[in-house]
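Colleague: Provided herewith: final07.txt, compact mmCIF, C-alpha atoms and all ligand atoms.
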# COMPACT_ATOMS: atom_id res chain seq x y z
CA MET A 33 8.79 3.79 2.30
CA ALA A 34 7.80 7.18 3.75
CA TRP A 35 4.10 7.73 4.26
CA THR A 36 2.31 10.99 3.52
CA GLU A 37 -0.42 12.16 5.86
CA ARG A 38 -2.98 11.17 3.23
CA GLN A 39 -1.59 7.67 2.97
CA ARG A 40 -1.59 7.36 6.75
CA ALA A 41 -5.22 8.42 6.79
CA MET A 42 -6.02 5.80 4.18
CA LEU A 43 -4.18 3.14 6.12
CA ARG A 44 -6.11 4.11 9.23
CA GLU A 45 -9.29 3.76 7.20
CA MET A 46 -8.16 0.26 6.31
CA GLY A 47 -7.70 -0.41 10.00
CA ILE A 48 -3.91 -0.40 9.78
CA GLU A 49 -2.16 1.74 12.38
CA LEU A 50 1.35 3.00 11.73
CA TRP A 51 3.68 4.32 14.34
CA PRO A 52 5.83 7.40 13.58
CA GLY A 53 8.59 6.54 11.15
CA ALA A 54 7.23 3.04 10.61
CA THR A 55 7.85 1.18 7.44
CA VAL A 56 5.42 -1.48 6.39
CA THR A 57 6.98 -4.86 6.00
CA SER A 58 6.09 -7.36 3.35
CA PRO A 59 7.36 -10.84 2.56
CA PRO A 60 10.71 -10.97 0.78
CA LEU A 61 10.41 -10.62 -2.93
CA GLN A 62 11.34 -13.75 -4.81
CA PRO A 63 13.55 -13.22 -7.83
CA PRO A 64 11.35 -13.44 -10.93
CA ALA A 65 12.81 -16.74 -12.10
CA ALA A 66 12.26 -18.39 -8.72
CA ALA A 67 8.84 -16.82 -8.47
CA ALA A 68 7.92 -18.17 -11.86
CA GLN A 69 9.11 -21.63 -10.96
CA GLY A 70 7.13 -21.60 -7.76
CA ALA A 71 4.09 -20.48 -9.62
CA ALA A 72 3.63 -23.14 -12.23
CA PRO A 73 -0.10 -23.08 -12.92
CA ALA A 74 -1.82 -25.93 -11.17
CA PRO A 75 -3.87 -28.35 -13.22
CA VAL A 76 -7.48 -27.30 -13.57
CA PRO A 77 -9.23 -28.78 -10.56
CA PRO A 78 -12.72 -30.19 -10.69
CA GLY A 79 -15.20 -27.36 -10.35
CA ALA A 80 -12.83 -24.75 -11.77
CA PRO A 81 -13.90 -23.04 -14.96
CA ALA A 82 -13.81 -25.22 -18.02
CA ALA A 83 -12.02 -24.17 -21.16
CA PRO A 84 -13.91 -21.44 -22.99
CA SER A 85 -16.80 -22.79 -24.99
CA PRO A 86 -16.95 -22.17 -28.73
CA ALA A 87 -19.54 -19.47 -28.05
CA THR A 88 -16.93 -17.23 -26.45
CA SER A 89 -13.64 -18.55 -27.73
CA ARG A 90 -14.38 -16.65 -30.94
CA GLY A 91 -11.07 -15.91 -32.58
CA ASP A 92 -12.14 -12.32 -33.01
CA VAL A 93 -12.16 -11.56 -29.27
CA ALA A 94 -8.48 -12.45 -29.15
CA THR A 95 -7.68 -9.80 -31.75
CA MET A 96 -10.14 -7.06 -30.78
CA ASP A 97 -9.05 -3.53 -29.99
CA TRP A 98 -10.60 -1.63 -27.10
CA PRO A 99 -13.67 -0.24 -28.93
CA ALA A 100 -14.48 -3.63 -30.48
CA LEU A 101 -14.01 -5.42 -27.16
CA ARG A 102 -16.17 -2.89 -25.36
CA ALA A 103 -18.91 -3.33 -27.94
CA ALA A 104 -18.65 -7.13 -27.80
CA VAL A 105 -19.06 -7.13 -24.03
CA ALA A 106 -21.99 -4.71 -24.19
CA ALA A 107 -23.75 -6.96 -26.71
CA CYS A 108 -22.83 -10.28 -25.11
CA GLN A 109 -25.61 -12.86 -24.80
CA ALA A 110 -23.34 -15.84 -24.17
CA CYS A 111 -24.93 -16.86 -20.89
CA ALA A 112 -28.14 -16.42 -18.93
CA LEU A 113 -26.76 -13.45 -16.98
CA ALA A 114 -27.54 -11.36 -20.04
CA GLN A 115 -31.23 -11.74 -19.17
CA SER A 116 -30.99 -10.52 -15.60
CA ARG A 117 -28.34 -7.77 -15.87
CA ARG A 118 -29.21 -4.11 -16.10
CA GLN A 119 -26.03 -3.47 -18.04
CA THR A 120 -22.62 -5.00 -18.54
CA VAL A 121 -19.69 -3.80 -16.43
CA PHE A 122 -16.68 -3.63 -18.68
CA GLY A 123 -13.82 -2.21 -16.64
CA VAL A 124 -12.37 1.15 -15.74
CA GLY A 125 -9.00 2.84 -15.68
CA HIS A 126 -5.92 3.48 -17.77
CA GLU A 127 -5.78 1.32 -20.87
CA ARG A 128 -2.02 0.88 -20.37
CA ALA A 129 -2.03 0.88 -16.58
CA HIS A 130 0.96 -0.56 -14.76
CA TRP A 131 -1.40 -2.04 -12.16
CA MET A 132 -4.36 -4.19 -13.12
CA ILE A 133 -6.82 -5.32 -10.47
CA VAL A 134 -9.09 -8.28 -11.13
CA GLY A 135 -12.18 -8.83 -9.00
CA GLU A 136 -15.09 -11.21 -9.10
CA ALA A 137 -18.33 -9.93 -10.57
CA PRO A 138 -20.51 -6.83 -10.47
CA GLY A 139 -22.86 -6.44 -7.53
CA GLU A 140 -26.00 -4.36 -7.36
CA GLN A 141 -24.27 -0.96 -7.36
CA GLU A 142 -21.99 -1.94 -10.21
CA ASP A 143 -24.92 -3.28 -12.23
CA LEU A 144 -26.66 0.08 -11.72
CA LYS A 145 -23.66 2.24 -12.52
CA GLY A 146 -21.86 0.15 -15.10
CA GLU A 147 -18.52 0.47 -13.29
CA PRO A 148 -16.65 -2.14 -11.22
CA PHE A 149 -16.21 -1.79 -7.47
CA VAL A 150 -18.44 1.19 -6.73
CA GLY A 151 -20.22 -0.29 -3.68
CA PRO A 152 -18.87 -0.72 -0.14
CA ALA A 153 -16.16 -3.16 -1.27
CA GLY A 154 -15.15 -0.63 -3.91
CA ARG A 155 -14.76 2.11 -1.33
CA LEU A 156 -12.36 -0.10 0.59
CA LEU A 157 -10.51 -0.94 -2.61
CA ASP A 158 -10.18 2.77 -3.40
CA ALA A 159 -8.79 3.38 0.09
CA MET A 160 -6.28 0.57 -0.33
CA LEU A 161 -5.19 1.94 -3.69
CA ASP A 162 -5.02 5.47 -2.36
CA ALA A 163 -2.68 4.33 0.40
CA LEU A 164 -0.26 3.27 -2.34
CA GLY A 165 -0.71 6.49 -4.31
CA LEU A 166 -2.90 4.73 -6.86
CA THR A 167 -6.31 5.68 -8.19
CA ARG A 168 -8.97 4.74 -10.71
CA GLU A 169 -9.30 8.41 -11.67
CA PRO A 170 -7.53 9.77 -14.75
CA GLY A 171 -3.78 10.01 -14.34
CA PRO A 172 -0.52 8.65 -15.72
CA PRO A 173 -0.28 4.86 -16.22
CA GLU A 174 1.89 4.35 -13.18
CA ARG A 175 -0.78 5.96 -10.99
CA GLN A 176 -4.11 5.17 -12.64
CA VAL A 177 -4.93 1.49 -12.30
CA TYR A 178 -7.16 -0.63 -14.51
CA ILE A 179 -9.94 -2.54 -12.73
CA ALA A 180 -11.85 -5.42 -14.31
CA ASN A 181 -13.96 -8.29 -13.11
CA THR A 182 -13.91 -11.96 -13.96
CA LEU A 183 -17.59 -11.69 -14.92
CA LYS A 184 -18.96 -8.69 -16.77
CA CYS A 185 -22.57 -9.23 -15.64
CA ARG A 186 -24.09 -9.37 -12.19
CA PRO A 187 -25.07 -12.83 -10.94
CA PRO A 188 -28.62 -12.53 -9.57
CA GLY A 189 -28.68 -11.87 -5.84
CA ASN A 190 -24.87 -11.64 -5.88
CA ARG A 191 -24.57 -15.41 -5.91
CA ASN A 192 -21.21 -16.94 -6.78
CA PRO A 193 -20.26 -17.10 -10.45
CA LEU A 194 -20.92 -20.47 -12.06
CA PRO A 195 -18.09 -22.29 -13.85
CA GLU A 196 -20.02 -22.06 -17.12
CA GLU A 197 -20.44 -18.28 -16.73
CA MET A 198 -16.75 -17.84 -15.95
CA ALA A 199 -15.76 -19.92 -18.94
CA ARG A 200 -17.96 -17.91 -21.29
CA CYS A 201 -16.75 -14.58 -19.97
CA GLU A 202 -13.08 -15.48 -19.75
CA PRO A 203 -11.99 -14.44 -23.25
CA PHE A 204 -13.02 -10.86 -22.45
CA LEU A 205 -10.79 -10.72 -19.37
CA VAL A 206 -7.95 -12.40 -21.22
CA ARG A 207 -8.17 -9.79 -23.95
CA GLN A 208 -8.34 -6.93 -21.45
CA ILE A 209 -5.14 -8.15 -19.83
CA GLN A 210 -3.47 -8.50 -23.23
CA LEU A 211 -4.46 -4.96 -24.19
CA VAL A 212 -3.49 -3.35 -20.88
CA ARG A 213 -0.25 -5.33 -20.66
CA PRO A 214 0.04 -4.53 -16.95
CA ARG A 215 3.31 -4.77 -15.09
CA ILE A 216 1.56 -6.27 -12.09
CA LEU A 217 -1.74 -8.12 -11.70
CA LEU A 218 -3.59 -8.18 -8.40
CA ALA A 219 -6.09 -11.03 -8.19
CA MET A 220 -8.68 -10.29 -5.52
CA GLY A 221 -10.62 -13.21 -4.17
CA ARG A 222 -11.05 -16.81 -5.11
CA PHE A 223 -12.88 -16.36 -8.40
CA ALA A 224 -10.23 -14.06 -9.83
CA VAL A 225 -7.65 -16.59 -8.67
CA GLN A 226 -9.54 -19.49 -10.23
CA ALA A 227 -9.82 -17.64 -13.52
CA LEU A 228 -6.19 -16.53 -13.69
CA LEU A 229 -4.24 -19.27 -11.92
CA ARG A 230 -6.56 -22.21 -12.55
CA THR A 231 -6.48 -23.32 -8.97
CA ASP A 232 -8.98 -23.54 -6.17
CA GLU A 233 -6.34 -23.40 -3.47
CA PRO A 234 -7.39 -21.04 -0.68
CA ILE A 235 -6.19 -17.46 -0.86
CA GLY A 236 -4.31 -17.93 2.40
CA ARG A 237 -2.06 -20.50 0.72
CA LEU A 238 -1.48 -18.49 -2.44
CA ARG A 239 -0.81 -15.04 -1.04
CA GLY A 240 2.64 -13.91 0.03
CA ARG A 241 4.48 -14.96 -3.13
CA VAL A 242 4.63 -13.91 -6.74
CA HIS A 243 2.76 -15.96 -9.35
CA ARG A 244 2.70 -15.41 -13.10
CA TYR A 245 -0.11 -15.05 -15.59
CA GLN A 246 1.08 -15.14 -19.20
CA GLY A 247 4.42 -13.78 -18.05
CA VAL A 248 2.91 -11.00 -15.93
CA PRO A 249 3.73 -11.09 -12.21
CA LEU A 250 0.56 -11.74 -10.24
CA VAL A 251 -0.08 -11.24 -6.54
CA VAL A 252 -3.05 -12.87 -4.83
CA THR A 253 -4.97 -11.12 -2.11
CA TYR A 254 -8.25 -11.19 -0.26
CA HIS A 255 -11.37 -9.74 -1.84
CA PRO A 256 -12.35 -6.37 -0.31
CA ALA A 257 -15.84 -7.70 0.46
CA TYR A 258 -14.21 -10.43 2.54
CA LEU A 259 -12.05 -7.82 4.27
CA LEU A 260 -15.19 -5.90 5.24
CA ARG A 261 -16.38 -9.05 7.01
CA GLN A 262 -12.93 -9.98 8.38
CA PRO A 263 -11.19 -6.68 9.12
CA ALA A 264 -8.44 -8.51 11.00
CA ASP A 265 -7.12 -9.68 7.62
CA LYS A 266 -6.71 -6.13 6.28
CA ALA A 267 -3.13 -6.10 7.48
CA LYS A 268 -2.41 -9.18 5.35
CA ALA A 269 -4.02 -7.50 2.35
CA TRP A 270 -1.81 -4.50 2.97
CA ASP A 271 1.23 -6.80 2.95
CA ASP A 272 0.02 -8.17 -0.37
CA LEU A 273 -0.25 -4.69 -1.85
CA CYS A 274 3.23 -3.87 -0.60
CA LEU A 275 4.53 -7.07 -2.18
CA ALA A 276 2.96 -6.04 -5.50
CA ALA A 277 4.51 -2.57 -5.17
CA GLU A 278 7.91 -4.14 -4.51
CA VAL A 279 7.60 -6.28 -7.61
CA LEU A 280 6.95 -3.15 -9.64
CA GLU A 281 9.80 -1.27 -8.03
CA GLY A 282 12.05 -4.24 -8.75
CA GLN A 283 11.08 -4.06 -12.42
CA GLY A 284 11.97 -0.37 -12.49
CA ALA A 285 15.37 -1.14 -10.95
CA ALA A 286 15.95 -4.01 -13.40
CA GLY A 287 15.11 -1.76 -16.36
CA ALA A 288 17.23 1.16 -15.07
N1 LIG A 301 -17.02 -7.20 -6.13
C1 LIG A 301 -16.30 -7.49 -7.24
O1 LIG A 301 -15.55 -8.45 -7.28
N2 LIG A 301 -16.40 -6.67 -8.27
C2 LIG A 301 -17.17 -5.59 -8.27
O2 LIG A 301 -17.19 -4.90 -9.27
C3 LIG A 301 -17.90 -5.32 -7.11
C4 LIG A 301 -17.81 -6.13 -6.05
In structure tokens, how does this file's structure come out?
Ligand code: URA
Modeller:
Amino acid sequence: MAWTERQRAMLREMGIELWPGATVTSPPLQPPAAAAQGAAPAPVPPGAPAAPSPATSRGDVATMDWPALRAAVAACQACALAQSRRQTVFGVGHERAHWMIVGEAPGEQEDLKGEPFVGPAGRLLDAMLDALGLTREPGPPERQVYIANTLKCRPPGNRNPLPEEMARCEPFLVRQIQLVRPRILLAMGRFAVQALLRTDEPIGRLRGRVHRYQGVPLVVTYHPAYLLRQPADKAKAWDDLCLAAEVLEGQGAAGA
């Protein structure tokens, strides 16, 4: 892969130095069949989100179009977070994006602005995306990503999501993924991983290979907020992004 000056600048911002002519290595891509076999969803561990409760497993969420889903999220009162939020944070990006990024939950900035990943972690995420030629800004579906969170409301004080909250919010994320129909899913952090892969295995054990969520290839990586605290792991996150990009490129080659 040849890097433009802009991408090099973004990589530097991520703390990843490239030497002239360098290519960035990533783990070998498993063939989809092998990847799928290796990624059989683990049984739901204790403490992982329970199955959606009747309050949010409403059949209508599963059939909603974008406007209906947006309205349902905005009006949601399914858990106590509805009382403390300023506003819901639905998601942003291309509605048929090739890349879909799933994070954890809105923080203070997101709760204020109504958009995911707009605080410090979001700036790092934008830099990571930019380094791959991706953006949340309007563009074609191969360039403009879709970003959503596992929870649509801010947990007070940015505490961790509760299993009950994740269970109640899950149908919204499921429907977003069904509507976007991404070619690659990037699960950032342990709550996104719990929601999508039903496992509480540590990120370090799940990254570096291709999983599947409802048939969509899924790559696990560290949450940008974690990377801000542990910059030494940015290089691993970059490997994860490169793995995701390779999966997409492989799809293009397969379809050619
Ligand atoms: N962290 C997340 O996981 N999502 C956001 O929207 C902001 C911070």
Colleague: Residues of stretch 99-176 of chain A that have any atom at most 9 Å from an atom of stretch 224-247 of chain A: could you tabulate them with the shortest-distance atom pair and the distance in Å to one decimal, using only C-alpha atoms, ordered by chain and increasing number, as a tab-separated table?
Modeller:
residue	atom	partner	partner_atom	distance
A:Val134	CA	A:Ala224	CA	6.0
A:Gly135	CA	A:Ala224	CA	5.6
A:Glu136	CA	A:Ala224	CA	5.7
Colleague: Restricting the calculation to all atoms listed in the file: of A:Trp270, A:Tyr258, A:Phe149, A:Phe223, which residue gets closest to ligand LIG 301 (chain A)?
Modeller: A:Phe149
Colleague: For each of A:Trp131, A:Val177, A:Pro187, A:Ala159, take the minimum atom-to-atom distance to A:Arg118, counting all atoms listed in the file, then give the residue where this is smallest.
Modeller: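 Selected residue with least distance to A:Arg118: A:Pro187.
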Colleague: If you measure from atom CA of A:His255 to atom CA of A:Val105, what distance in Å do you get, rounded to one decimal?
Modeller: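 These two atoms are separated by 23.6 Å.
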Colleague: Considering all atoms listed in the file, state which residue in the set A:Ala267, A:Val251, A:Ala257, A:Ala219 is at the smallest distance from ligand LIG 301 (chain A).
Modeller: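 Selected residue with least distance to ligand LIG 301 (chain A): A:Ala257.
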Colleague: Go through the chains and note each residue within 10 Å of ligand LIG 301 (chain A), using only C-alpha atoms and all ligand atoms, then give the set as JSON, numbers by chain.
Modeller: {"A": [121, 122, 123, 133, 134, 135, 136, 137, 138, 139, 140, 141, 142, 143, 146, 147, 148, 149, 150, 151, 152, 153, 154, 155, 157, 179, 180, 181, 182, 183, 184, 185, 186, 190, 219, 220, 221, 222, 223, 224, 255, 256, 257, 258]}
Colleague: Report, in Å with one decimal, the straight-line distance from atom CA of A:Arg168 to atom CA of A:Arg261.
Modeller: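 According to the coordinates, atom CA of A:Arg168 and atom CA of A:Arg261 are separated by 23.6 Å.
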Colleague: Closest to A:Ala103 among A:Leu275, A:Gly282, A:Phe204, A:Val124, using all atoms listed in the file?
Modeller: A:Phe204
Colleague: Mind pulling up the distance from atom CA of A:Ala106 to atom CA of A:Thr120?
Modeller: 5.7 Å
Colleague: Rank nothing, just name the residue among A:Arg175, A:Arg213, A:Arg191, A:Arg207 nearest to A:Arg102, using all atoms listed in the file.
Modeller: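 With all atoms listed in the file as the atom set, the closest residue is A:Arg207.
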Colleague: So, counting only C-alpha atoms, which residue among A:Asp97, A:Asp272, A:Glu278, A:Glu196 is closest to A:Tyr254?
Modeller: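 Checking each candidate against A:Tyr254, we get A:Asp272 as the closest.
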Colleague: Which protein, DNA or RNA residues are at most 7 Å from (-6.9, -5.2, 3.5) in the file's coordinates when you count only C-alpha atoms, listed as a count of residues only?
Modeller: 10
Colleague: Please provide as a PyMOL selection string all residues within 10 Å of A:Gly171, with the sequence filter that same-chain residues fewer than 6 positions apart are discarded (counting all atoms listed in the file).
Modeller: chain A and resi 125-126+129+177
